[in-house]
file protein07.pdb (PDB, C-alpha atoms, pLDDT in the B column)
ATOM      1  CA  MET T  14     -63.434 -62.953 -12.280  1.00 55.00           C
ATOM      2  CA  ILE T  15     -63.667 -65.791 -14.833  1.00 57.00           C
ATOM      3  CA  GLN T  16     -61.719 -68.079 -12.497  1.00 51.00           C
ATOM      4  CA  VAL T  17     -64.109 -67.259  -9.644  1.00 43.00           C
ATOM      5  CA  LEU T  18     -67.118 -68.090 -11.837  1.00 41.00           C
ATOM      6  CA  LYS T  19     -65.514 -71.395 -12.868  1.00 46.00           C
ATOM      7  CA  SER T  20     -64.968 -72.272  -9.205  1.00 47.00           C
ATOM      8  CA  ILE T  21     -68.595 -71.484  -8.367  1.00 43.00           C
ATOM      9  CA  LEU T  22     -69.910 -73.541 -11.283  1.00 43.00           C
ATOM     10  CA  THR T  23     -67.696 -76.578 -10.636  1.00 45.00           C
ATOM     11  CA  PHE T  24     -68.220 -76.642  -6.849  1.00 48.00           C
ATOM     12  CA  PRO T  25     -71.524 -78.618  -6.945  1.00 55.00           C
ATOM     13  CA  SER T  26     -70.008 -81.178  -9.318  1.00 56.00           C
ATOM     14  CA  GLN T  27     -66.913 -81.617  -7.155  1.00 67.00           C
ATOM     15  CA  THR T  28     -69.043 -81.943  -4.042  1.00 81.00           C
ATOM     16  CA  TRP T  29     -71.314 -84.569  -5.611  1.00 86.00           C
ATOM     17  CA  ASN T  30     -68.299 -86.494  -6.946  1.00 88.00           C
ATOM     18  CA  GLY T  31     -66.739 -86.499  -3.490  1.00 86.00           C
ATOM     19  CA  ILE T  32     -69.942 -87.843  -1.930  1.00 89.00           C
ATOM     20  CA  HIS T  33     -70.271 -90.505  -4.638  1.00 87.00           C
ATOM     21  CA  ASN T  34     -66.679 -91.676  -4.119  1.00 88.00           C
ATOM     22  CA  ALA T  35     -66.969 -91.707  -0.318  1.00 88.00           C
ATOM     23  CA  VAL T  36     -70.130 -93.822  -0.526  1.00 85.00           C
ATOM     24  CA  MET T  37     -68.510 -96.116  -3.095  1.00 83.00           C
ATOM     25  CA  PHE T  38     -65.473 -96.721  -0.866  1.00 85.00           C
ATOM     26  CA  ARG T  39     -67.541 -97.255   2.271  1.00 85.00           C
ATOM     27  CA  PHE T  40     -70.170 -99.609   0.926  1.00 81.00           C
ATOM     28  CA  LYS T  41     -67.770-101.541  -1.291  1.00 81.00           C
ATOM     29  CA  ARG T  42     -65.457-101.935   1.721  1.00 86.00           C
ATOM     30  CA  VAL T  43     -62.367-100.776  -0.095  1.00 90.00           C
ATOM     31  CA  PHE T  44     -59.108-100.980   1.852  1.00 93.00           C
ATOM     32  CA  TYR T  45     -56.545 -98.173   1.617  1.00 91.00           C
ATOM     33  CA  ALA T  46     -53.448 -96.855   3.397  1.00 91.00           C
ATOM     34  CA  ALA T  47     -54.610 -93.371   2.402  1.00 92.00           C
ATOM     35  CA  ARG T  48     -57.736 -92.488   0.448  1.00 91.00           C
ATOM     36  CA  PRO T  49     -56.815 -92.017  -3.234  1.00 93.00           C
ATOM     37  CA  LYS T  50     -57.094 -88.593  -4.845  1.00 94.00           C
ATOM     38  CA  ILE T  51     -59.894 -88.962  -7.396  1.00 93.00           C
ATOM     39  CA  THR T  52     -60.839 -86.477 -10.102  1.00 92.00           C
ATOM     40  CA  GLY T  53     -64.376 -87.346 -11.179  1.00 90.00           C
ATOM     41  CA  LYS T  54     -66.443 -90.350 -10.066  1.00 91.00           C
ATOM     42  CA  ILE T  55     -64.931 -93.812  -9.763  1.00 92.00           C
ATOM     43  CA  TYR T  56     -67.020 -96.948 -10.347  1.00 92.00           C
ATOM     44  CA  ILE T  57     -66.238-100.081  -8.351  1.00 93.00           C
ATOM     45  CA  TYR T  58     -68.029-103.374  -8.879  1.00 92.00           C
ATOM     46  CA  LYS T  59     -66.746-105.941  -6.425  1.00 88.00           C
ATOM     47  CA  THR T  60     -67.335-108.984  -4.321  1.00 89.00           C
ATOM     48  CA  GLY T  61     -63.592-109.524  -3.989  1.00 93.00           C
ATOM     49  CA  LYS T  62     -60.931-107.358  -2.316  1.00 94.00           C
ATOM     50  CA  VAL T  63     -59.587-103.977  -3.444  1.00 95.00           C
ATOM     51  CA  VAL T  64     -56.504-102.502  -1.744  1.00 96.00           C
ATOM     52  CA  PHE T  65     -54.955 -99.075  -2.420  1.00 97.00           C
ATOM     53  CA  GLY T  66     -51.589 -97.928  -1.153  1.00 97.00           C
ATOM     54  CA  THR T  67     -50.826 -94.343  -0.212  1.00 97.00           C
ATOM     55  CA  GLY T  68     -50.677 -91.450  -2.689  1.00 97.00           C
ATOM     56  CA  VAL T  69     -52.745 -93.154  -5.414  1.00 97.00           C
ATOM     57  CA  SER T  70     -54.358 -90.780  -7.937  1.00 96.00           C
ATOM     58  CA  ILE T  71     -57.230 -91.599 -10.286  1.00 95.00           C
ATOM     59  CA  ASN T  72     -58.823 -89.690 -13.159  1.00 93.00           C
ATOM     60  CA  SER T  73     -62.367 -90.779 -13.857  1.00 91.00           C
ATOM     61  CA  GLY T  74     -64.506 -88.618 -16.083  1.00 86.00           C
ATOM     62  CA  ALA T  75     -64.929 -87.001 -19.486  1.00 79.00           C
ATOM     63  CA  THR T  76     -63.146 -83.833 -18.374  1.00 76.00           C
ATOM     64  CA  SER T  77     -60.528 -85.393 -16.103  1.00 74.00           C
ATOM     65  CA  ASN T  78     -58.147 -86.386 -18.906  1.00 72.00           C
ATOM     66  CA  PRO T  79     -57.665 -84.216 -22.006  1.00 69.00           C
ATOM     67  CA  ILE T  80     -56.566 -87.106 -24.265  1.00 71.00           C
ATOM     68  CA  GLY T  81     -60.119 -88.458 -24.469  1.00 61.00           C
ATOM     69  CA  GLY T  82     -61.057 -92.090 -24.668  1.00 64.00           C
ATOM     70  CA  ASP T  83     -63.198 -93.777 -22.044  1.00 68.00           C
ATOM     71  CA  THR T  84     -65.005 -91.449 -19.711  1.00 79.00           C
ATOM     72  CA  ARG T  85     -64.499 -93.142 -16.355  1.00 89.00           C
ATOM     73  CA  THR T  86     -62.435 -95.597 -14.332  1.00 93.00           C
ATOM     74  CA  ASN T  87     -64.050 -98.988 -13.694  1.00 94.00           C
ATOM     75  CA  LEU T  88     -62.709-101.534 -11.219  1.00 96.00           C
ATOM     76  CA  ILE T  89     -64.470-104.899 -11.538  1.00 95.00           C
ATOM     77  CA  VAL T  90     -63.318-107.451  -8.953  1.00 96.00           C
ATOM     78  CA  SER T  91     -64.956-110.858  -8.679  1.00 94.00           C
ATOM     79  CA  GLN T  92     -65.478-112.971  -5.588  1.00 93.00           C
ATOM     80  CA  ASN T  93     -62.204-114.322  -4.113  1.00 93.00           C
ATOM     81  CA  ALA T  94     -60.168-112.071  -6.446  1.00 96.00           C
ATOM     82  CA  VAL T  95     -57.747-109.415  -5.167  1.00 96.00           C
ATOM     83  CA  LEU T  96     -56.863-106.107  -6.843  1.00 97.00           C
ATOM     84  CA  THR T  97     -53.873-104.283  -5.319  1.00 98.00           C
ATOM     85  CA  ILE T  98     -52.694-100.840  -6.455  1.00 98.00           C
ATOM     86  CA  GLY T  99     -49.387 -99.667  -4.978  1.00 98.00           C
ATOM     87  CA  ASP T 100     -48.184 -96.391  -3.512  1.00 98.00           C
ATOM     88  CA  HIS T 101     -48.088 -93.266  -5.702  1.00 98.00           C
ATOM     89  CA  THR T 102     -49.568 -95.011  -8.736  1.00 98.00           C
ATOM     90  CA  GLY T 103     -51.809 -93.095 -11.153  1.00 97.00           C
ATOM     91  CA  LEU T 104     -54.660 -94.363 -13.338  1.00 95.00           C
ATOM     92  CA  SER T 105     -56.662 -92.436 -15.897  1.00 94.00           C
ATOM     93  CA  ASN T 106     -60.047 -93.571 -17.229  1.00 94.00           C
ATOM     94  CA  CYS T 107     -58.988 -97.216 -17.037  1.00 94.00           C
ATOM     95  CA  THR T 108     -60.885-100.475 -16.799  1.00 96.00           C
ATOM     96  CA  ILE T 109     -59.501-103.301 -14.692  1.00 97.00           C
ATOM     97  CA  VAL T 110     -61.276-106.661 -14.718  1.00 97.00           C
ATOM     98  CA  CYS T 111     -59.981-108.902 -11.939  1.00 97.00           C
ATOM     99  CA  GLN T 112     -61.390-112.411 -11.631  1.00 96.00           C
ATOM    100  CA  ASN T 113     -58.229-113.901 -10.134  1.00 96.00           C
ATOM    101  CA  GLY T 114     -55.646-111.297  -9.165  1.00 97.00           C
ATOM    102  CA  VAL T 115     -54.210-108.037 -10.466  1.00 98.00           C
ATOM    103  CA  THR T 116     -51.225-106.474  -8.700  1.00 98.00           C
ATOM    104  CA  ILE T 117     -49.944-103.040  -9.739  1.00 98.00           C
ATOM    105  CA  GLY T 118     -46.733-101.830  -8.149  1.00 98.00           C
ATOM    106  CA  LYS T 119     -45.525 -98.468  -6.845  1.00 98.00           C
ATOM    107  CA  HIS T 120     -45.020 -95.294  -8.890  1.00 98.00           C
ATOM    108  CA  VAL T 121     -46.761 -96.769 -11.943  1.00 98.00           C
ATOM    109  CA  LYS T 122     -48.316 -94.514 -14.598  1.00 97.00           C
ATOM    110  CA  ILE T 123     -51.294 -96.039 -16.407  1.00 97.00           C
ATOM    111  CA  GLY T 124     -52.495 -93.951 -19.349  1.00 94.00           C
ATOM    112  CA  GLY T 125     -55.966 -93.078 -20.570  1.00 92.00           C
ATOM    113  CA  SER T 126     -58.291 -95.909 -21.613  1.00 92.00           C
ATOM    114  CA  VAL T 127     -55.890 -98.700 -20.646  1.00 96.00           C
ATOM    115  CA  LYS T 128     -57.568-102.090 -20.120  1.00 97.00           C
ATOM    116  CA  ILE T 129     -56.202-104.766 -17.804  1.00 98.00           C
ATOM    117  CA  TYR T 130     -57.907-108.159 -17.993  1.00 98.00           C
ATOM    118  CA  ASP T 131     -56.878-111.275 -16.050  1.00 97.00           C
ATOM    119  CA  THR T 132     -59.503-113.375 -17.835  1.00 95.00           C
ATOM    120  CA  ASP T 133     -60.478-114.515 -21.338  1.00 93.00           C
ATOM    121  CA  PHE T 134     -64.136-113.761 -20.446  1.00 91.00           C
ATOM    122  CA  HIS T 135     -65.241-116.856 -22.384  1.00 92.00           C
ATOM    123  CA  HIS T 136     -63.961-120.385 -22.968  1.00 88.00           C
ATOM    124  CA  LEU T 137     -61.629-120.594 -25.974  1.00 88.00           C
ATOM    125  CA  LYS T 138     -63.285-123.728 -27.362  1.00 88.00           C
ATOM    126  CA  TYR T 139     -66.391-122.910 -29.361  1.00 89.00           C
ATOM    127  CA  THR T 140     -68.068-126.132 -28.230  1.00 89.00           C
ATOM    128  CA  GLU T 141     -67.775-124.979 -24.614  1.00 88.00           C
ATOM    129  CA  ARG T 142     -69.036-121.488 -25.431  1.00 90.00           C
ATOM    130  CA  GLU T 143     -72.283-122.932 -26.806  1.00 91.00           C
ATOM    131  CA  ASN T 144     -73.458-123.799 -23.286  1.00 91.00           C
ATOM    132  CA  ARG T 145     -73.491-121.255 -20.474  1.00 90.00           C
ATOM    133  CA  LYS T 146     -72.679-123.959 -17.942  1.00 90.00           C
ATOM    134  CA  THR T 147     -69.464-124.920 -19.723  1.00 92.00           C
ATOM    135  CA  ASP T 148     -68.520-121.431 -20.934  1.00 89.00           C
ATOM    136  CA  ILE T 149     -66.001-120.945 -18.153  1.00 86.00           C
ATOM    137  CA  PRO T 150     -63.047-118.701 -19.022  1.00 88.00           C
ATOM    138  CA  LEU T 151     -59.432-119.236 -18.119  1.00 91.00           C
ATOM    139  CA  THR T 152     -58.072-116.721 -15.616  1.00 94.00           C
ATOM    140  CA  LYS T 153     -54.508-115.982 -14.616  1.00 96.00           C
ATOM    141  CA  SER T 154     -53.111-113.168 -12.505  1.00 97.00           C
ATOM    142  CA  VAL T 155     -51.576-110.006 -13.950  1.00 98.00           C
ATOM    143  CA  VAL T 156     -48.584-108.362 -12.249  1.00 98.00           C
ATOM    144  CA  ILE T 157     -47.228-104.914 -13.133  1.00 98.00           C
ATOM    145  CA  GLY T 158     -43.954-104.023 -11.412  1.00 98.00           C
ATOM    146  CA  ASP T 159     -42.787-100.751  -9.860  1.00 97.00           C
ATOM    147  CA  HIS T 160     -42.061 -97.615 -11.916  1.00 97.00           C
ATOM    148  CA  CYS T 161     -43.738 -98.916 -15.081  1.00 98.00           C
ATOM    149  CA  PHE T 162     -45.383 -96.683 -17.685  1.00 98.00           C
ATOM    150  CA  ILE T 163     -48.336 -98.147 -19.590  1.00 98.00           C
ATOM    151  CA  GLY T 164     -49.181 -95.995 -22.632  1.00 96.00           C
ATOM    152  CA  ALA T 165     -52.719 -94.866 -23.400  1.00 94.00           C
ATOM    153  CA  HIS T 166     -55.205 -97.289 -25.024  1.00 95.00           C
ATOM    154  CA  SER T 167     -53.050-100.339 -24.286  1.00 97.00           C
ATOM    155  CA  ILE T 168     -54.533-103.709 -23.310  1.00 98.00           C
ATOM    156  CA  ILE T 169     -52.823-106.026 -20.814  1.00 98.00           C
ATOM    157  CA  LEU T 170     -54.072-109.605 -21.029  1.00 98.00           C
ATOM    158  CA  LYS T 171     -54.234-112.483 -18.549  1.00 97.00           C
ATOM    159  CA  GLY T 172     -51.092-114.106 -17.171  1.00 97.00           C
ATOM    160  CA  VAL T 173     -48.825-111.189 -18.060  1.00 98.00           C
ATOM    161  CA  THR T 174     -46.048-109.982 -15.755  1.00 98.00           C
ATOM    162  CA  ILE T 175     -44.476-106.633 -16.618  1.00 98.00           C
ATOM    163  CA  GLY T 176     -41.093-106.102 -15.002  1.00 98.00           C
ATOM    164  CA  ASN T 177     -40.013-103.039 -13.033  1.00 97.00           C
ATOM    165  CA  LYS T 178     -39.420 -99.819 -15.000  1.00 96.00           C
ATOM    166  CA  ALA T 179     -40.759-101.275 -18.250  1.00 98.00           C
ATOM    167  CA  ILE T 180     -42.542 -99.012 -20.760  1.00 98.00           C
ATOM    168  CA  ILE T 181     -45.465-100.132 -22.908  1.00 98.00           C
ATOM    169  CA  GLY T 182     -46.081 -98.011 -26.017  1.00 97.00           C
ATOM    170  CA  ALA T 183     -49.491 -96.449 -26.572  1.00 96.00           C
ATOM    171  CA  GLY T 184     -52.069 -98.705 -28.201  1.00 96.00           C
ATOM    172  CA  SER T 185     -50.195-101.924 -27.474  1.00 98.00           C
ATOM    173  CA  VAL T 186     -51.731-105.338 -26.826  1.00 98.00           C
ATOM    174  CA  VAL T 187     -49.577-107.193 -24.288  1.00 98.00           C
ATOM    175  CA  THR T 188     -50.038-110.947 -24.564  1.00 97.00           C
ATOM    176  CA  LYS T 189     -46.869-112.199 -22.853  1.00 96.00           C
ATOM    177  CA  SER T 190     -44.611-111.226 -19.988  1.00 98.00           C
ATOM    178  CA  ILE T 191     -42.084-108.424 -20.365  1.00 97.00           C
ATOM    179  CA  PRO T 192     -38.673-108.236 -18.627  1.00 97.00           C
ATOM    180  CA  GLU T 193     -37.818-105.256 -16.476  1.00 96.00           C
ATOM    181  CA  GLY T 194     -36.184-102.201 -17.984  1.00 96.00           C
ATOM    182  CA  GLU T 195     -37.427-102.719 -21.543  1.00 97.00           C
ATOM    183  CA  VAL T 196     -39.642-100.826 -23.991  1.00 97.00           C
ATOM    184  CA  TRP T 197     -42.297-102.882 -25.799  1.00 98.00           C
ATOM    185  CA  GLY T 198     -45.004-101.852 -28.216  1.00 98.00           C
ATOM    186  CA  GLY T 199     -47.365-102.962 -30.962  1.00 97.00           C
ATOM    187  CA  ASN T 200     -50.091-105.543 -31.487  1.00 97.00           C
ATOM    188  CA  PRO T 201     -49.024-107.973 -30.255  1.00 97.00           C
ATOM    189  CA  ALA T 202     -46.434-106.065 -28.227  1.00 97.00           C
ATOM    190  CA  LYS T 203     -42.817-106.805 -29.129  1.00 97.00           C
ATOM    191  CA  PHE T 204     -39.428-105.772 -27.788  1.00 97.00           C
ATOM    192  CA  ILE T 205     -38.248-102.362 -29.032  1.00 96.00           C
ATOM    193  CA  LYS T 206     -35.239-101.460 -26.930  1.00 95.00           C
ATOM    194  CA  LYS T 207     -33.705-101.326 -23.474  1.00 94.00           C
ATOM    195  CA  ILE T 208     -34.561 -98.400 -21.231  1.00 89.00           C
ATOM    196  CA  ASP T 209     -30.841 -97.504 -21.132  1.00 82.00           C
ATOM    197  CA  ALA T 210     -31.056 -96.714 -24.854  1.00 59.00           C
ATOM    198  CA  ILE T 211     -33.561 -93.898 -24.281  1.00 61.00           C
ATOM    199  CA  GLY T 212     -31.966 -90.461 -24.695  1.00 53.00           C
TER     200      GLY T 212
END

call {"tool": "encode", "arguments": {"input": "protein07.pdb", "output": "structure tokens"}}
result
Amino acid sequence: MIQVLKSILTFPSQTWNGIHNAVMFRFKRVFYAARPKITGKIYIYKTGKVVFGTGVSINSGATSNPIGGDTRTNLIVSQNAVLTIGDHTGLSNCTIVCQNGVTIGKHVKIGGSVKIYDTDFHHLKYTERENRKTDIPLTKSVVIGDHCFIGAHSIILKGVTIGNKAIIGAGSVVTKSIPEGEVWGGNPAKFIKKIDAIG
């Protein structure tokens, strides 16, 4: 009986979320091999290109991920930028800012509240930041290989390539590229061990 009541109460929310996501995908002209499975409402801000593979799953909402953190998934893709998310990859309440290019491979797990930024957002010289016309940030593409696991609350910064099967520990700040098959963690993220050493 309790399960039936829960289903009745959550039906309107699920229906509204489905409508929101369908409208978002249609009017933002999102490309996909198969429409992603989305729990909650996704938010897409784009003038660039967003491409999903098949079997992608996304959590986006306060109740969609029990570990807490941010309460939705945001995809922010600037003009002429391309965001590609590969087959069978899962994201949970993440923010991706793509001003150049972000490529995420197949079978990748991206934990709650992860941030992926391919830009500095502002110029690194304070003299350039003083004027809006010269406050132009550096951007450089981010690439995450196949079968990677990015731990919750991690931040991936511009120009980083993460090799296939790599693991990033929760809460890490990744400032440089990581070879495949390795575990890295910390702020800034450093090498911990090879994947083969995991029991």

call {"tool": "closest_residue", "arguments": {"input": "protein07.pdb", "among": "T:Leu104, T:Ile129, T:Ile157, T:Val115", "to": "T:Glu193", "atoms": "all atoms listed in the file"}}
result
T:Ile157

call {"tool": "resolve_selection", "arguments": {"input": "protein07.pdb", "expression": "the PyMOL selection byres ((chain T and resi 107) around 6)", "output": "list in words"}}
result
Thr86, Ser105, Asn106, Thr108, Ser126, Val127 and Lys128 of chain T

call {"tool": "residues_around", "arguments": {"input": "protein07.pdb", "residues": "T:His136", "least_positions_apart": "4", "cutoff": "9 Å", "atoms": "all atoms listed in the file", "output": "JSON, numbers by chain"}}
result
{"T": [140, 141, 142, 147, 148, 149, 150, 151]}

call {"tool": "residues_near_point", "arguments": {"input": "protein07.pdb", "point": "(-61.2, -113.1, -6.1)", "cutoff": "7 Å", "atoms": "all atoms listed in the file", "output": "list in words"}}
result
Gly61, Lys62, Val90, Ser91, Gln92, Asn93, Ala94, Val95, Gln112, Asn113 and Gly114 of chain T

call {"tool": "closest_atom_pairs", "arguments": {"input": "protein07.pdb", "of": "stretch 82-105 of chain T", "to": "stretch 29-47 of chain T", "cutoff": "10 Å", "atoms": "all atoms listed in the file", "output": "tab-separated table"}}
result
residue	atom	partner	partner_atom	distance
T:Thr97	CA	T:Phe44	CA	9.5
T:Ile98	CA	T:Tyr45	CA	9.3
T:Gly99	CA	T:Ala46	CA	9.7
T:Asp100	CA	T:Ala46	CA	8.7

call {"tool": "atom_distance", "arguments": {"input": "protein07.pdb", "atom1": "atom CA of T:Thr132", "atom2": "atom CA of T:Ile109"}}
result
10.6 Å

call {"tool": "residues_near_point", "arguments": {"input": "protein07.pdb", "point": "(-43.6, -100.4, -12.4)", "cutoff": "12 Å", "atoms": "all atoms listed in the file", "output": "JSON list (two decimals) with C-alpha atoms, in the frame of the given file"}}
result
[["chain", "number", "residue", "atom", "x", "y", "z"],
["T", 98, "ILE", "CA", -52.69, -100.84, -6.46],
["T", 99, "GLY", "CA", -49.39, -99.67, -4.98],
["T", 100, "ASP", "CA", -48.18, -96.39, -3.51],
["T", 101, "HIS", "CA", -48.09, -93.27, -5.70],
["T", 102, "THR", "CA", -49.57, -95.01, -8.74],
["T", 103, "GLY", "CA", -51.81, -93.10, -11.15],
["T", 116, "THR", "CA", -51.22, -106.47, -8.70],
["T", 117, "ILE", "CA", -49.94, -103.04, -9.74],
["T", 118, "GLY", "CA", -46.73, -101.83, -8.15],
["T", 119, "LYS", "CA", -45.52, -98.47, -6.84],
["T", 120, "HIS", "CA", -45.02, -95.29, -8.89],
["T", 121, "VAL", "CA", -46.76, -96.77, -11.94],
["T", 122, "LYS", "CA", -48.32, -94.51, -14.60],
["T", 123, "ILE", "CA", -51.29, -96.04, -16.41],
["T", 156, "VAL", "CA", -48.58, -108.36, -12.25],
["T", 157, "ILE", "CA", -47.23, -104.91, -13.13],
["T", 158, "GLY", "CA", -43.95, -104.02, -11.41],
["T", 159, "ASP", "CA", -42.79, -100.75, -9.86],
["T", 160, "HIS", "CA", -42.06, -97.62, -11.92],
["T", 161, "CYS", "CA", -43.74, -98.92, -15.08],
["T", 162, "PHE", "CA", -45.38, -96.68, -17.68],
["T", 163, "ILE", "CA", -48.34, -98.15, -19.59],
["T", 174, "THR", "CA", -46.05, -109.98, -15.76],
["T", 175, "ILE", "CA", -44.48, -106.63, -16.62],
["T", 176, "GLY", "CA", -41.09, -106.10, -15.00],
["T", 177, "ASN", "CA", -40.01, -103.04, -13.03],
["T", 178, "LYS", "CA", -39.42, -99.82, -15.00],
["T", 179, "ALA", "CA", -40.76, -101.28, -18.25],
["T", 180, "ILE", "CA", -42.54, -99.01, -20.76],
["T", 181, "ILE", "CA", -45.46, -100.13, -22.91],
["T", 191, "ILE", "CA", -42.08, -108.42, -20.36],
["T", 192, "PRO", "CA", -38.67, -108.24, -18.63],
["T", 193, "GLU", "CA", -37.82, -105.26, -16.48],
["T", 194, "GLY", "CA", -36.18, -102.20, -17.98],
["T", 195, "GLU", "CA", -37.43, -102.72, -21.54]]

call {"tool": "residues_around", "arguments": {"input": "protein07.pdb", "residues": "stretch 197-206 of chain T", "least_positions_apart": "4", "cutoff": "9 Å", "atoms": "all atoms listed in the file", "output": "JSON, numbers by chain"}}
result
{"T": [179, 180, 181, 182, 183, 184, 185, 186, 187, 188, 189, 191, 210, 211]}

call {"tool": "decode", "arguments": {"input": "protein07.pdb", "residues": "stretch 179-186 of chain T", "atoms": "all heavy atoms", "output": "tab-separated table (two decimals), in the first residue's frame"}}
result
chain	number	residue	atom	x	y	z
T	179	ALA	N	41.56	4.97	-15.77
T	179	ALA	CA	42.11	5.68	-14.61
T	179	ALA	C	41.02	5.94	-13.57
T	179	ALA	O	39.83	6.02	-13.88
T	179	ALA	CB	42.73	7.00	-15.04
T	180	ILE	N	41.43	6.06	-12.31
T	180	ILE	CA	40.53	6.37	-11.19
T	180	ILE	C	41.01	7.65	-10.52
T	180	ILE	O	42.19	7.78	-10.20
T	180	ILE	CB	40.50	5.22	-10.17
T	180	ILE	CG1	39.93	3.94	-10.81
T	180	ILE	CG2	39.68	5.61	-8.93
T	180	ILE	CD1	40.02	2.71	-9.91
T	181	ILE	N	40.07	8.56	-10.30
T	181	ILE	CA	40.37	9.81	-9.60
T	181	ILE	C	39.67	9.76	-8.24
T	181	ILE	O	38.45	9.61	-8.17
T	181	ILE	CB	39.88	11.03	-10.40
T	181	ILE	CG1	40.40	11.00	-11.84
T	181	ILE	CG2	40.28	12.32	-9.68
T	181	ILE	CD1	41.88	10.95	-11.97
T	182	GLY	N	40.43	9.88	-7.16
T	182	GLY	CA	39.86	9.81	-5.82
T	182	GLY	C	38.91	10.96	-5.54
T	182	GLY	O	39.06	12.06	-6.08
T	183	ALA	N	37.94	10.70	-4.67
T	183	ALA	CA	36.94	11.71	-4.33
T	183	ALA	C	37.60	12.99	-3.82
T	183	ALA	O	38.58	12.94	-3.07
T	183	ALA	CB	35.99	11.16	-3.27
T	184	GLY	N	37.06	14.13	-4.23
T	184	GLY	CA	37.54	15.42	-3.75
T	184	GLY	C	38.84	15.89	-4.36
T	184	GLY	O	39.46	16.82	-3.86
T	185	SER	N	39.27	15.27	-5.44
T	185	SER	CA	40.55	15.63	-6.06
T	185	SER	C	40.42	16.85	-6.96
T	185	SER	O	39.34	17.13	-7.49
T	185	SER	CB	41.09	14.46	-6.88
T	185	SER	OG	41.34	13.33	-6.06
T	186	VAL	N	41.53	17.55	-7.13
T	186	VAL	CA	41.62	18.64	-8.11
T	186	VAL	C	42.68	18.23	-9.13
T	186	VAL	O	43.87	18.15	-8.80
T	186	VAL	CB	41.98	19.98	-7.45
T	186	VAL	CG1	42.11	21.07	-8.51
T	186	VAL	CG2	40.94	20.37	-6.41
